[in-house]
file query-v7.cif (mmCIF, C-alpha atoms and all ligand atoms)
data_data
loop_
_atom_site.label_atom_id
_atom_site.label_comp_id
_atom_site.auth_asym_id
_atom_site.auth_seq_id
_atom_site.Cartn_x
_atom_site.Cartn_y
_atom_site.Cartn_z
CA MET A 1 85.30 -94.87 -7.30
CA LYS A 2 86.63 -96.46 -4.11
CA VAL A 3 86.74 -100.27 -3.93
CA LEU A 4 87.20 -102.75 -1.07
CA VAL A 5 88.53 -106.19 -2.09
CA ILE A 6 88.03 -109.11 0.31
CA GLY A 7 90.57 -111.96 0.32
CA THR A 8 94.19 -112.92 0.80
CA GLY A 9 95.26 -114.76 -2.34
CA ALA A 10 97.09 -114.12 -5.60
CA ARG A 11 93.67 -113.91 -7.25
CA GLU A 12 92.80 -110.95 -5.02
CA HIS A 13 96.27 -109.47 -5.61
CA ALA A 14 95.53 -109.67 -9.36
CA ILE A 15 92.14 -108.00 -8.85
CA VAL A 16 93.68 -105.27 -6.70
CA LYS A 17 96.41 -104.70 -9.30
CA ALA A 18 93.85 -104.44 -12.12
CA LEU A 19 91.72 -102.02 -10.08
CA THR A 20 94.71 -99.77 -9.37
CA LEU A 21 95.22 -99.55 -13.15
CA ASP A 22 91.59 -98.49 -13.73
CA PRO A 23 91.51 -94.71 -14.31
CA PHE A 24 88.04 -94.52 -12.75
CA VAL A 25 89.19 -96.10 -9.50
CA ASP A 26 90.89 -93.67 -7.16
CA ALA A 27 91.35 -95.87 -4.09
CA VAL A 28 91.64 -99.60 -3.45
CA VAL A 29 91.58 -101.19 -0.01
CA ALA A 30 92.18 -104.90 0.56
CA ALA A 31 91.03 -106.81 3.63
CA PRO A 32 92.82 -108.63 5.01
CA GLY A 33 95.08 -108.60 1.93
CA ASN A 34 98.70 -109.71 2.07
CA PRO A 35 102.12 -108.03 1.90
CA GLY A 36 101.94 -107.96 -1.92
CA MET A 37 98.65 -106.10 -1.93
CA ASP A 38 99.91 -103.84 0.85
CA ALA A 39 102.62 -102.59 -1.52
CA ILE A 40 100.08 -101.25 -4.04
CA ALA A 41 96.94 -100.58 -1.95
CA LEU A 42 95.92 -100.02 1.64
CA CYS A 43 95.33 -103.20 3.68
CA ARG A 44 92.96 -103.44 6.62
CA ASP A 45 92.56 -106.27 9.12
CA LEU A 46 89.47 -108.41 9.41
CA PRO A 47 89.75 -109.33 13.08
CA GLN A 48 86.79 -111.73 12.93
CA GLY A 49 87.88 -113.29 9.65
CA LEU A 50 86.54 -113.60 6.12
CA LEU A 51 83.11 -114.91 7.11
CA ASP A 52 82.25 -111.90 9.27
CA GLY A 53 79.65 -110.23 7.06
CA ALA A 54 78.74 -107.60 9.64
CA GLY A 55 82.41 -106.69 10.15
CA ILE A 56 83.04 -106.47 6.41
CA ALA A 57 79.92 -104.34 5.85
CA ALA A 58 80.95 -102.07 8.73
CA LEU A 59 84.44 -101.68 7.29
CA ALA A 60 82.99 -100.86 3.85
CA ALA A 61 80.72 -98.23 5.43
CA GLU A 62 83.56 -96.76 7.50
CA LEU A 63 85.76 -96.50 4.39
CA GLY A 64 82.90 -95.08 2.32
CA VAL A 65 83.58 -97.45 -0.58
CA ASP A 66 81.37 -97.53 -3.65
CA LEU A 67 81.94 -101.23 -4.30
CA VAL A 68 82.96 -104.34 -2.38
CA VAL A 69 84.50 -107.21 -4.37
CA ILE A 70 84.49 -110.58 -2.61
CA GLY A 71 87.21 -112.92 -3.86
CA PRO A 72 86.88 -116.35 -2.21
CA GLU A 73 83.96 -118.77 -2.10
CA ALA A 74 83.65 -119.24 1.67
CA PRO A 75 82.36 -115.70 2.44
CA LEU A 76 80.01 -115.84 -0.55
CA VAL A 77 78.51 -119.15 0.56
CA ALA A 78 78.25 -117.68 4.09
CA GLY A 79 76.19 -114.74 2.79
CA VAL A 80 78.69 -111.91 3.21
CA ALA A 81 77.52 -110.30 -0.08
CA ASP A 82 73.94 -110.23 1.26
CA THR A 83 75.07 -108.45 4.43
CA VAL A 84 77.06 -105.85 2.48
CA ARG A 85 74.14 -105.17 0.13
CA ALA A 86 71.76 -104.92 3.10
CA ARG A 87 73.86 -101.89 4.22
CA GLY A 88 73.13 -100.29 0.86
CA ILE A 89 76.63 -100.84 -0.51
CA ALA A 90 77.13 -102.29 -4.02
CA CYS A 91 78.79 -105.69 -3.90
CA PHE A 92 80.33 -107.85 -6.61
CA GLY A 93 79.56 -111.43 -5.61
CA PRO A 94 76.45 -113.60 -5.49
CA SER A 95 74.04 -114.03 -2.59
CA ALA A 96 74.35 -117.07 -0.35
CA GLU A 97 71.41 -118.66 -2.19
CA ALA A 98 73.04 -118.15 -5.59
CA ALA A 99 76.50 -119.17 -4.36
CA ARG A 100 75.06 -122.66 -3.71
CA LEU A 101 75.97 -123.28 -7.35
CA GLU A 102 79.45 -123.69 -5.93
CA GLY A 103 78.61 -124.59 -2.32
CA SER A 104 76.78 -127.78 -3.24
CA LYS A 105 77.66 -129.91 -6.25
CA ALA A 106 74.31 -131.70 -5.90
CA PHE A 107 72.48 -128.36 -6.12
CA ALA A 108 74.53 -127.36 -9.17
CA LYS A 109 73.58 -130.65 -10.86
CA GLU A 110 69.91 -130.02 -10.14
CA VAL A 111 70.06 -126.50 -11.61
CA MET A 112 71.92 -127.79 -14.68
CA ALA A 113 69.26 -130.45 -15.18
CA SER A 114 66.45 -127.86 -14.98
CA ALA A 115 68.28 -125.48 -17.30
CA GLY A 116 69.23 -128.17 -19.83
CA VAL A 117 72.95 -127.54 -19.36
CA PRO A 118 75.23 -130.37 -20.59
CA THR A 119 77.14 -131.97 -17.72
CA GLY A 120 78.42 -135.38 -16.66
CA LEU A 121 75.94 -137.99 -15.42
CA ALA A 122 76.08 -138.20 -11.65
CA HIS A 123 74.66 -139.92 -8.60
CA VAL A 124 74.27 -138.13 -5.29
CA CYS A 125 75.06 -140.60 -2.48
CA THR A 126 74.71 -140.49 1.29
CA THR A 127 75.91 -144.01 2.16
CA VAL A 128 78.98 -146.08 1.29
CA GLU A 129 76.70 -148.73 -0.26
CA GLU A 130 75.24 -146.15 -2.65
CA VAL A 131 78.74 -144.96 -3.52
CA ALA A 132 79.88 -148.51 -4.22
CA SER A 133 77.02 -149.25 -6.58
CA ALA A 134 77.45 -145.88 -8.36
CA LEU A 135 81.17 -146.62 -8.86
CA ASP A 136 80.34 -149.99 -10.37
CA ALA A 137 77.64 -148.49 -12.58
CA PHE A 138 80.09 -145.97 -14.11
CA GLY A 139 83.28 -148.07 -14.07
CA VAL A 140 86.83 -146.70 -14.26
CA PRO A 141 88.19 -144.09 -14.02
CA TYR A 142 86.19 -143.34 -10.86
CA VAL A 143 85.26 -139.73 -10.06
CA VAL A 144 84.27 -139.11 -6.43
CA LYS A 145 83.43 -135.60 -5.22
CA ASP A 146 82.71 -134.14 -1.83
CA ASP A 147 79.36 -132.32 -2.18
CA GLY A 148 80.53 -129.26 -0.22
CA LEU A 149 83.38 -126.75 -0.39
CA ALA A 150 86.82 -128.35 -0.22
CA ALA A 151 89.25 -125.75 -1.63
CA GLY A 152 89.76 -127.73 -4.84
CA LYS A 153 90.77 -130.81 -2.89
CA GLY A 154 87.42 -132.59 -2.60
CA VAL A 155 87.69 -134.49 -5.86
CA VAL A 156 89.43 -137.81 -6.38
CA VAL A 157 89.84 -139.26 -9.87
CA THR A 158 91.32 -142.75 -9.74
CA ASP A 159 91.29 -146.24 -11.21
CA ASN A 160 91.66 -147.64 -7.71
CA ARG A 161 88.26 -148.63 -6.32
CA ALA A 162 89.53 -148.88 -2.72
CA GLN A 163 90.96 -145.36 -2.94
CA ALA A 164 87.70 -144.03 -4.41
CA LEU A 165 85.73 -145.63 -1.56
CA ALA A 166 88.17 -144.41 1.07
CA HIS A 167 87.72 -140.81 -0.13
CA ALA A 168 83.94 -141.27 -0.03
CA VAL A 169 84.07 -142.64 3.52
CA GLN A 170 86.15 -139.66 4.64
CA CYS A 171 83.69 -137.15 3.13
CA LEU A 172 80.61 -138.99 4.38
CA ASP A 173 82.04 -138.82 7.90
CA LYS A 174 81.53 -135.05 7.96
CA PRO A 175 78.25 -133.66 9.30
CA ASN A 176 75.65 -133.90 6.49
CA GLY A 177 78.32 -135.49 4.31
CA ARG A 178 77.19 -136.16 0.75
CA ILE A 179 79.07 -137.53 -2.21
CA VAL A 180 78.64 -136.99 -5.90
CA VAL A 181 79.88 -139.90 -8.04
CA GLU A 182 80.24 -138.79 -11.63
CA GLU A 183 81.01 -140.30 -14.99
CA PHE A 184 84.57 -139.64 -16.15
CA LEU A 185 84.83 -136.82 -18.67
CA ASP A 186 87.71 -137.01 -21.13
CA GLY A 187 89.14 -134.18 -23.22
CA PRO A 188 90.89 -130.89 -22.49
CA GLU A 189 89.57 -128.66 -19.70
CA VAL A 190 88.69 -125.00 -20.04
CA SER A 191 87.81 -122.37 -17.45
CA LEU A 192 85.54 -119.56 -18.61
CA PHE A 193 84.53 -116.70 -16.32
CA CYS A 194 81.10 -115.29 -17.12
CA ILE A 195 80.28 -111.98 -15.45
CA SER A 196 76.57 -111.53 -14.74
CA ASP A 197 74.28 -108.99 -13.11
CA GLY A 198 71.55 -111.61 -12.77
CA THR A 199 70.24 -111.09 -16.31
CA THR A 200 72.99 -110.19 -18.78
CA VAL A 201 76.08 -112.39 -19.26
CA VAL A 202 79.49 -111.04 -20.34
CA PRO A 203 82.14 -113.72 -20.87
CA LEU A 204 85.83 -113.06 -20.26
CA ALA A 205 88.57 -114.91 -22.18
CA PRO A 206 88.96 -118.66 -21.64
CA ALA A 207 91.94 -120.00 -19.70
CA GLN A 208 93.36 -123.38 -18.85
CA ASP A 209 94.29 -124.34 -15.32
CA PHE A 210 96.67 -127.11 -14.16
CA LYS A 211 95.05 -128.78 -11.18
CA ARG A 212 97.47 -131.59 -10.44
CA LEU A 213 100.52 -130.99 -8.28
CA GLY A 214 103.14 -132.48 -10.59
CA ASP A 215 104.32 -132.27 -14.18
CA ASP A 216 102.40 -134.41 -16.68
CA ASP A 217 99.35 -134.13 -14.41
CA GLU A 218 100.82 -136.48 -11.84
CA GLY A 219 100.02 -136.32 -8.14
CA PRO A 220 97.07 -135.04 -6.14
CA ASN A 221 94.60 -132.32 -7.11
CA THR A 222 95.43 -128.85 -5.80
CA GLY A 223 93.75 -125.44 -5.96
CA GLY A 224 95.68 -124.91 -9.22
CA MET A 225 99.40 -124.83 -10.04
CA GLY A 226 99.42 -122.55 -13.09
CA ALA A 227 97.36 -121.24 -15.99
CA TYR A 228 97.53 -119.60 -19.39
CA SER A 229 95.29 -117.64 -21.73
CA PRO A 230 94.18 -117.37 -24.52
CA LEU A 231 93.61 -120.92 -25.79
CA ASP A 232 94.67 -120.90 -29.43
CA TRP A 233 93.69 -124.56 -29.81
CA ALA A 234 90.07 -124.04 -28.75
CA PRO A 235 87.36 -123.65 -31.40
CA ALA A 236 86.59 -120.00 -32.20
CA SER A 237 82.92 -120.64 -31.37
CA LEU A 238 83.68 -121.97 -27.86
CA VAL A 239 82.97 -118.84 -25.83
CA GLN A 240 79.64 -118.15 -27.52
CA GLU A 241 78.67 -121.80 -27.18
CA VAL A 242 79.38 -121.75 -23.46
CA VAL A 243 77.35 -118.57 -23.03
CA ASP A 244 74.43 -119.93 -25.07
CA ARG A 245 74.36 -123.47 -23.69
CA VAL A 246 75.66 -123.00 -20.14
CA ALA A 247 75.98 -119.53 -18.64
CA GLN A 248 72.85 -117.79 -19.98
CA PRO A 249 70.50 -120.75 -19.27
CA THR A 250 71.97 -121.06 -15.74
CA VAL A 251 71.63 -117.33 -15.04
CA ASP A 252 68.06 -117.41 -16.40
CA GLU A 253 67.20 -120.47 -14.30
CA MET A 254 68.55 -118.84 -11.14
CA ARG A 255 66.58 -115.64 -11.84
CA HIS A 256 63.38 -117.60 -12.47
CA ARG A 257 63.87 -119.37 -9.15
CA GLY A 258 63.93 -115.99 -7.42
CA THR A 259 67.64 -116.31 -6.55
CA PRO A 260 69.40 -114.31 -9.28
CA PHE A 261 73.09 -114.98 -9.76
CA ALA A 262 75.08 -111.72 -9.89
CA GLY A 263 78.85 -111.98 -9.81
CA VAL A 264 81.14 -114.26 -11.76
CA LEU A 265 79.95 -117.68 -12.79
CA TYR A 266 83.10 -119.71 -13.28
CA VAL A 267 82.31 -122.46 -15.75
CA GLY A 268 84.77 -125.38 -15.58
CA LEU A 269 84.36 -127.46 -18.74
CA ALA A 270 85.64 -130.59 -20.40
CA LEU A 271 85.62 -130.60 -24.21
CA THR A 272 84.74 -134.27 -24.62
CA SER A 273 84.29 -136.42 -27.69
CA ARG A 274 80.55 -135.93 -27.21
CA GLY A 275 80.75 -132.14 -26.94
CA LEU A 276 81.24 -129.76 -24.06
CA ARG A 277 80.30 -130.82 -20.54
CA VAL A 278 80.30 -128.74 -17.36
CA ILE A 279 82.64 -130.23 -14.76
CA GLU A 280 81.92 -127.65 -12.11
CA PHE A 281 80.51 -124.23 -11.35
CA ASN A 282 82.21 -121.82 -9.04
CA ALA A 283 80.65 -118.62 -7.81
CA ARG A 284 83.84 -116.54 -7.92
CA PHE A 285 86.94 -115.92 -9.98
CA GLY A 286 89.30 -118.89 -10.33
CA ASP A 287 92.76 -118.95 -8.87
CA PRO A 288 95.20 -118.99 -10.75
CA GLU A 289 93.19 -118.37 -13.97
CA THR A 290 92.33 -114.82 -12.85
CA GLN A 291 96.02 -113.95 -12.84
CA VAL A 292 96.29 -114.59 -16.61
CA VAL A 293 92.82 -113.40 -17.65
CA LEU A 294 93.23 -110.02 -15.93
CA ALA A 295 96.77 -109.68 -17.31
CA ARG A 296 95.13 -109.51 -20.76
CA LEU A 297 91.94 -107.55 -20.01
CA ALA A 298 92.29 -104.03 -21.43
CA THR A 299 88.82 -102.83 -20.39
CA PRO A 300 89.01 -101.21 -16.94
CA LEU A 301 87.98 -103.82 -14.36
CA GLY A 302 86.30 -101.51 -11.82
CA GLY A 303 83.58 -100.32 -14.19
CA LEU A 304 82.83 -103.86 -15.29
CA LEU A 305 82.46 -105.23 -11.77
CA TYR A 306 80.44 -102.19 -10.67
CA ALA A 307 78.05 -102.60 -13.61
CA ALA A 308 77.52 -106.25 -12.67
CA ALA A 309 76.93 -105.31 -9.03
CA VAL A 310 74.25 -102.71 -9.83
CA GLY A 311 72.40 -104.53 -12.63
CA LYS A 312 73.81 -102.40 -15.49
CA LEU A 313 75.94 -104.92 -17.37
CA ASP A 314 73.87 -104.24 -20.45
CA ASP A 315 75.46 -100.77 -20.64
CA ILE A 316 79.05 -102.09 -20.87
CA ALA A 317 80.77 -101.72 -24.25
CA PRO A 318 82.30 -104.89 -25.78
CA LEU A 319 85.40 -105.85 -23.81
CA HIS A 320 88.89 -105.09 -25.10
CA TRP A 321 91.80 -107.48 -24.76
CA HIS A 322 95.55 -107.18 -25.11
CA LYS A 323 96.89 -109.41 -27.87
CA GLU A 324 99.62 -110.90 -25.68
CA HIS A 325 99.56 -114.41 -24.27
CA ALA A 326 99.77 -114.71 -20.49
CA VAL A 327 101.21 -117.49 -18.35
CA THR A 328 101.25 -117.87 -14.58
CA VAL A 329 103.27 -120.37 -12.58
CA VAL A 330 102.38 -121.04 -8.94
CA VAL A 331 105.21 -121.45 -6.45
CA ALA A 332 103.93 -123.68 -3.65
CA ALA A 333 105.35 -124.41 -0.22
CA LYS A 334 106.96 -127.70 0.73
CA GLY A 335 104.18 -130.07 1.82
CA TYR A 336 101.40 -128.48 -0.27
CA PRO A 337 98.60 -129.56 -0.74
CA GLY A 338 98.85 -131.64 2.45
CA SER A 339 100.40 -129.67 5.30
CA PRO A 340 102.43 -126.82 3.84
CA ARG A 341 105.47 -125.69 5.76
CA THR A 342 105.35 -121.99 6.63
CA GLY A 343 107.80 -119.39 7.89
CA ASP A 344 110.50 -119.85 5.23
CA VAL A 345 112.13 -116.70 3.89
CA ILE A 346 111.38 -115.86 0.25
CA ASP A 347 114.42 -114.38 -1.50
CA GLY A 348 114.85 -112.99 -4.98
CA LEU A 349 111.61 -111.02 -5.26
CA ALA A 350 113.57 -107.86 -6.00
CA GLU A 351 115.60 -109.57 -8.73
CA ILE A 352 112.69 -110.11 -11.09
CA GLY A 353 113.00 -107.91 -14.15
CA ASP A 354 110.35 -105.87 -15.88
CA ASP A 355 109.05 -108.64 -18.09
CA ALA A 356 107.33 -110.61 -15.29
CA TYR A 357 105.71 -109.85 -11.96
CA VAL A 358 104.89 -111.67 -8.76
CA LEU A 359 101.45 -111.83 -7.20
CA GLN A 360 101.52 -112.92 -3.58
CA ALA A 361 99.25 -115.44 -1.88
CA GLY A 362 100.44 -117.30 1.23
CA THR A 363 102.97 -114.71 2.40
CA ALA A 364 103.57 -112.73 5.56
CA VAL A 365 106.09 -110.23 6.84
CA GLY A 366 108.67 -111.98 9.04
CA LYS A 367 110.20 -110.63 12.24
CA ASP A 368 113.08 -108.96 10.41
CA GLY A 369 110.81 -107.43 7.76
CA SER A 370 111.53 -110.11 5.17
CA ILE A 371 108.70 -111.79 3.23
CA VAL A 372 108.11 -115.34 4.47
CA SER A 373 105.85 -118.18 3.37
CA ALA A 374 102.54 -118.42 5.21
CA GLY A 375 100.39 -120.79 3.17
CA GLY A 376 100.27 -123.55 0.58
CA ARG A 377 100.29 -121.59 -2.64
CA VAL A 378 102.83 -118.89 -1.88
CA LEU A 379 103.33 -116.91 -5.09
CA SER A 380 101.90 -116.66 -8.60
CA VAL A 381 104.51 -115.52 -11.11
CA VAL A 382 102.91 -113.89 -14.17
CA ALA A 383 104.35 -112.94 -17.54
CA THR A 384 102.95 -111.94 -20.90
CA GLY A 385 104.57 -112.30 -24.31
CA ALA A 386 103.90 -112.15 -28.02
CA ASP A 387 103.29 -115.91 -27.96
CA LEU A 388 103.15 -118.66 -25.37
CA ALA A 389 106.83 -119.47 -25.81
CA GLU A 390 107.84 -115.92 -24.88
CA ALA A 391 105.37 -115.70 -22.01
CA ARG A 392 106.55 -119.06 -20.62
CA ASP A 393 110.17 -118.14 -20.99
CA ARG A 394 109.68 -114.88 -19.08
CA ALA A 395 107.58 -116.51 -16.37
CA TYR A 396 110.03 -119.37 -15.79
CA ARG A 397 113.06 -117.07 -15.79
CA ALA A 398 111.38 -115.13 -13.00
CA VAL A 399 110.46 -118.33 -11.13
CA ASP A 400 114.12 -119.36 -11.29
CA ARG A 401 115.14 -116.16 -9.52
CA ILE A 402 112.92 -116.90 -6.53
CA ARG A 403 114.43 -118.80 -3.64
CA LEU A 404 112.11 -120.47 -1.15
CA LYS A 405 113.41 -123.52 0.71
CA GLY A 406 111.60 -126.72 -0.28
CA SER A 407 109.25 -124.94 -2.67
CA ARG A 408 107.90 -126.61 -5.77
CA HIS A 409 106.34 -125.57 -9.04
CA ARG A 410 105.33 -127.30 -12.24
CA THR A 411 107.73 -126.90 -15.15
CA ASP A 412 105.16 -127.73 -17.85
CA ILE A 413 102.56 -124.98 -17.52
CA ALA A 414 101.27 -124.19 -21.05
CA LEU A 415 103.92 -126.45 -22.58
CA ALA A 416 101.58 -128.80 -24.45
CA ALA A 417 99.69 -125.79 -25.84
CA GLN A 418 102.94 -124.13 -26.90
CA ARG A 419 103.90 -127.32 -28.74
CA GLY A 420 100.50 -127.56 -30.42
CA GLU A 421 99.80 -130.88 -28.70
CA ILE A 422 96.28 -130.15 -27.50
CA SER A 423 93.42 -131.20 -29.71
CA VAL A 424 89.68 -131.17 -29.33
CA HIS A 425 87.77 -134.31 -30.28
CA GLY A 426 85.57 -134.27 -33.34
P1 LIG A 501 86.22 -129.90 -9.45
O1 LIG A 501 86.51 -129.54 -8.02
O2 LIG A 501 84.85 -130.43 -9.67
O3 LIG A 501 86.63 -128.83 -10.36
O4 LIG A 501 87.25 -131.03 -9.88
C1 LIG A 501 88.63 -130.81 -9.82
C2 LIG A 501 89.28 -131.48 -10.99
O5 LIG A 501 89.03 -132.88 -10.97
C3 LIG A 501 88.78 -131.02 -12.34
O6 LIG A 501 89.37 -129.85 -12.78
C4 LIG A 501 89.14 -132.19 -13.20
O7 LIG A 501 90.51 -132.16 -13.54
C5 LIG A 501 88.90 -133.36 -12.31
N1 LIG A 501 87.53 -133.83 -12.53
C6 LIG A 501 86.41 -133.45 -11.89
N2 LIG A 501 85.33 -134.07 -12.38
C7 LIG A 501 85.76 -134.88 -13.37
C8 LIG A 501 85.11 -135.79 -14.27
N3 LIG A 501 83.81 -136.03 -14.22
N4 LIG A 501 85.88 -136.43 -15.17
C9 LIG A 501 87.22 -136.22 -15.23
N5 LIG A 501 87.89 -135.38 -14.41
C10 LIG A 501 87.18 -134.71 -13.48
N1 LIG A 502 91.65 -122.87 -10.36
C1 LIG A 502 90.55 -123.57 -9.84
C2 LIG A 502 89.71 -122.85 -8.91
O1 LIG A 502 89.87 -121.66 -8.69
O2 LIG A 502 88.82 -123.45 -8.36
#
call {"tool": "encode", "arguments": {"input": "query-v7.cif", "output": "structure tokens"}}
result
Amino acid sequence: MKVLVIGTGAREHAIVKALTLDPFVDAVVAAPGNPGMDAIALCRDLPQGLLDGAGIAALAAELGVDLVVIGPEAPLVAGVADTVRARGIACFGPSAEAARLEGSKAFAKEVMASAGVPTGLAHVCTTVEEVASALDAFGVPYVVKDDGLAAGKGVVVTDNRAQALAHAVQCLDKPNGRIVVEEFLDGPEVSLFCISDGTTVVPLAPAQDFKRLGDDDEGPNTGGMGAYSPLDWAPASLVQEVVDRVAQPTVDEMRHRGTPFAGVLYVGLALTSRGLRVIEFNARFGDPETQVVLARLATPLGGLLYAAAVGKLDDIAPLHWHKEHAVTVVVAAKGYPGSPRTGDVIDGLAEIGDDAYVLQAGTAVGKDGSIVSAGGRVLSVVATGADLAEARDRAYRAVDRIRLKGSRHRTDIALAAQRGEISVHG
């Protein structure tokens, strides 16, 4: 099987790496990819960018691939998967209609309501006055979300009413700006990726992401600063409960609406004192959770994604997992998540031993052939170990070898879990 992977991030680097390890996959091409992916697969340009469905379909046809895997949300929401499928090429990733589960938080809320999926109470607002009264109805902490795609940066959680309103004003200023004001959900967060072909649901292993920029969850929200898997503190019944109460009803609802969801439904959850609640749906793999989930997946990835793309998920044998724990730490550029500084040389990549590896995200090849920073999240350092302590130790030793001027990373990824400090209410 020959596979084309669309995207530029560490998530796509992790997917490409997993596909190259699949004995049934004989060629992997990434577009546009990055220097990290270029080292293990062929990279091709996308001159018109990630939203160019016709260009991506043409490239897939030219390469004669059997499967296209679309990594990021923007091309999915723009309908790139539809265009690829219209050329008769199998594609892992939902249609534009189904990707609205991520593209519009208001739409996701409506589907959850129809499907009886537990989620936070929310008001959809189109004016500042509506936002203000919704904030006062819920009280602190305030949760204000941009309705549309915002690369993980559209959500503000704050006790400061003026700050909550200011974020709302900024989002409402955009064309067709809409705001979702939501009740605050307490309790630990979990990310669970549920693969679906539109009918059958196959869950992967749960992971935890660290969304805030700084240690102890201080600072602004980011795309994600690190992750680990599995979650030893989570109830053993969690995965099945999420499938039964969230993923399967959502997939069924989307199919009944005539817009089946095939791809990966990323369920972001809070385990609250009143039970599990969906915080968000995404229509693609999470970044950086994918880096740790795929580090542990023993079942070949290509066959799984192909089965989902062609409606044959039912035929897949139960998934196999490595016993190890996996940790990933994101190395971000100075200025991230605001305006990241780019063009700094990254040193030390060759000094990382065998017990960790680096997945690249915002990187480029500099004039002298060195690897330089080219985005906000620059690298994802991944390690596995017999327990979280070993995986963390290996990951952080590797992070310490990397030299990137002004870079930052969190030092507490998976620390609370390692110390047994995470507990689920009730
Ligand atoms: P989202 O883009 O919806 O995933 O939100 C990003 C992050 O904001 C989540 O991972 C949570 O940490 C936080 N968040 C979102 N919604 C809520 C909520 N209702 N209550 C508490 N925290 C939330
Ligand atoms: N890690 C969060 C996301 O991918 O949206």
call {"tool": "residues_around", "arguments": {"input": "query-v7.cif", "residues": "region 127-135 of chain A", "least_positions_apart": "4", "cutoff": "9 Å", "atoms": "all atoms listed in the file", "output": "list in words"}}
result
Ala122, His123, Gly139, Val140, Tyr142, Val143, Val144, Arg161, Ala164, Leu165, Ala168, Val169, Leu172, Arg178, Ile179, Val180, Val181, Glu182 and Glu183 of chain A
call {"tool": "closest_residue", "arguments": {"input": "query-v7.cif", "among": "A:Leu294, A:Ala356, A:Val424, A:Ala60", "to": "Ala14 (chain A)", "atoms": "all atoms listed in the file"}}
result
A:Leu294
call {"tool": "atom_distance", "arguments": {"input": "query-v7.cif", "atom1": "atom N3 of ligand LIG 501 (chain A)", "atom2": "CA of Gly120 (chain A)"}}
result
6.0 Å
call {"tool": "atom_distance", "arguments": {"input": "query-v7.cif", "atom1": "CA of Cys91 (chain A)", "atom2": "CA of Asp52 (chain A)"}}
result
15.0 Å
call {"tool": "residues_around", "arguments": {"input": "query-v7.cif", "residues": "Leu404 (chain A)", "least_positions_apart": "2", "cutoff": "12 Å", "atoms": "only C-alpha atoms", "output": "list in words"}}
result
Val331, Ala332, Ala333, Lys334, Arg341, Thr342, Gly343, Asp344, Val345, Ile346, Asp347, Gly348, Leu349, Thr363, Ile371, Val372, Ser373, Ala374, Arg377, Val378, Leu379, Val399, Asp400, Arg401, Ile402, Gly406, Ser407, Arg408 and His409 of chain A
call {"tool": "residues_near_ligand", "arguments": {"input": "query-v7.cif", "ligand": "ligand LIG 501 (chain A)", "cutoff": "9 Å", "atoms": "only C-alpha atoms and all ligand atoms", "output": "MDAnalysis selection string"}}
result
chainID A and resid 105 119:122 141:146 149:157 181:187 189:191 209:212 221:224 268:270 277:282
call {"tool": "write_last_selection", "arguments": {"input": "query-v7.cif", "atoms": "C-alpha atoms", "output": "short mmCIF file (atom, residue, chain, number, x, y, z; two decimals), keeping the file's coordinate frame"}}
result
data_model
loop_
_atom_site.label_atom_id
_atom_site.label_comp_id
_atom_site.auth_asym_id
_atom_site.auth_seq_id
_atom_site.Cartn_x
_atom_site.Cartn_y
_atom_site.Cartn_z
CA LYS A 105 77.66 -129.91 -6.25
CA THR A 119 77.14 -131.97 -17.72
CA GLY A 120 78.42 -135.38 -16.66
CA LEU A 121 75.94 -137.99 -15.42
CA ALA A 122 76.08 -138.20 -11.65
CA PRO A 141 88.19 -144.09 -14.02
CA TYR A 142 86.19 -143.34 -10.86
CA VAL A 143 85.26 -139.73 -10.06
CA VAL A 144 84.27 -139.11 -6.43
CA LYS A 145 83.43 -135.60 -5.22
CA ASP A 146 82.71 -134.14 -1.83
CA LEU A 149 83.38 -126.75 -0.39
CA ALA A 150 86.82 -128.35 -0.22
CA ALA A 151 89.25 -125.75 -1.63
CA GLY A 152 89.76 -127.73 -4.84
CA LYS A 153 90.77 -130.81 -2.89
CA GLY A 154 87.42 -132.59 -2.60
CA VAL A 155 87.69 -134.49 -5.86
CA VAL A 156 89.43 -137.81 -6.38
CA VAL A 157 89.84 -139.26 -9.87
CA VAL A 181 79.88 -139.90 -8.04
CA GLU A 182 80.24 -138.79 -11.63
CA GLU A 183 81.01 -140.30 -14.99
CA PHE A 184 84.57 -139.64 -16.15
CA LEU A 185 84.83 -136.82 -18.67
CA ASP A 186 87.71 -137.01 -21.13
CA GLY A 187 89.14 -134.18 -23.22
CA GLU A 189 89.57 -128.66 -19.70
CA VAL A 190 88.69 -125.00 -20.04
CA SER A 191 87.81 -122.37 -17.45
CA ASP A 209 94.29 -124.34 -15.32
CA PHE A 210 96.67 -127.11 -14.16
CA LYS A 211 95.05 -128.78 -11.18
CA ARG A 212 97.47 -131.59 -10.44
CA ASN A 221 94.60 -132.32 -7.11
CA THR A 222 95.43 -128.85 -5.80
CA GLY A 223 93.75 -125.44 -5.96
CA GLY A 224 95.68 -124.91 -9.22
CA GLY A 268 84.77 -125.38 -15.58
CA LEU A 269 84.36 -127.46 -18.74
CA ALA A 270 85.64 -130.59 -20.40
CA ARG A 277 80.30 -130.82 -20.54
CA VAL A 278 80.30 -128.74 -17.36
CA ILE A 279 82.64 -130.23 -14.76
CA GLU A 280 81.92 -127.65 -12.11
CA PHE A 281 80.51 -124.23 -11.35
CA ASN A 282 82.21 -121.82 -9.04
#
call {"tool": "residues_around", "arguments": {"input": "query-v7.cif", "residues": "region 230-236 of chain A", "least_positions_apart": "6", "cutoff": "10 Å", "atoms": "only C-alpha atoms", "output": "list in words"}}
result
Pro188, Val190, Ala205, Pro206, Ala207, Gln208, Leu271, Val292, Val293, Arg296, Lys323, Glu324, His325, Ala326, Val327, Asp387, Leu388, Ala414, Ala417, Gln418, Gly420, Glu421, Ile422, Ser423 and Val424 of chain A
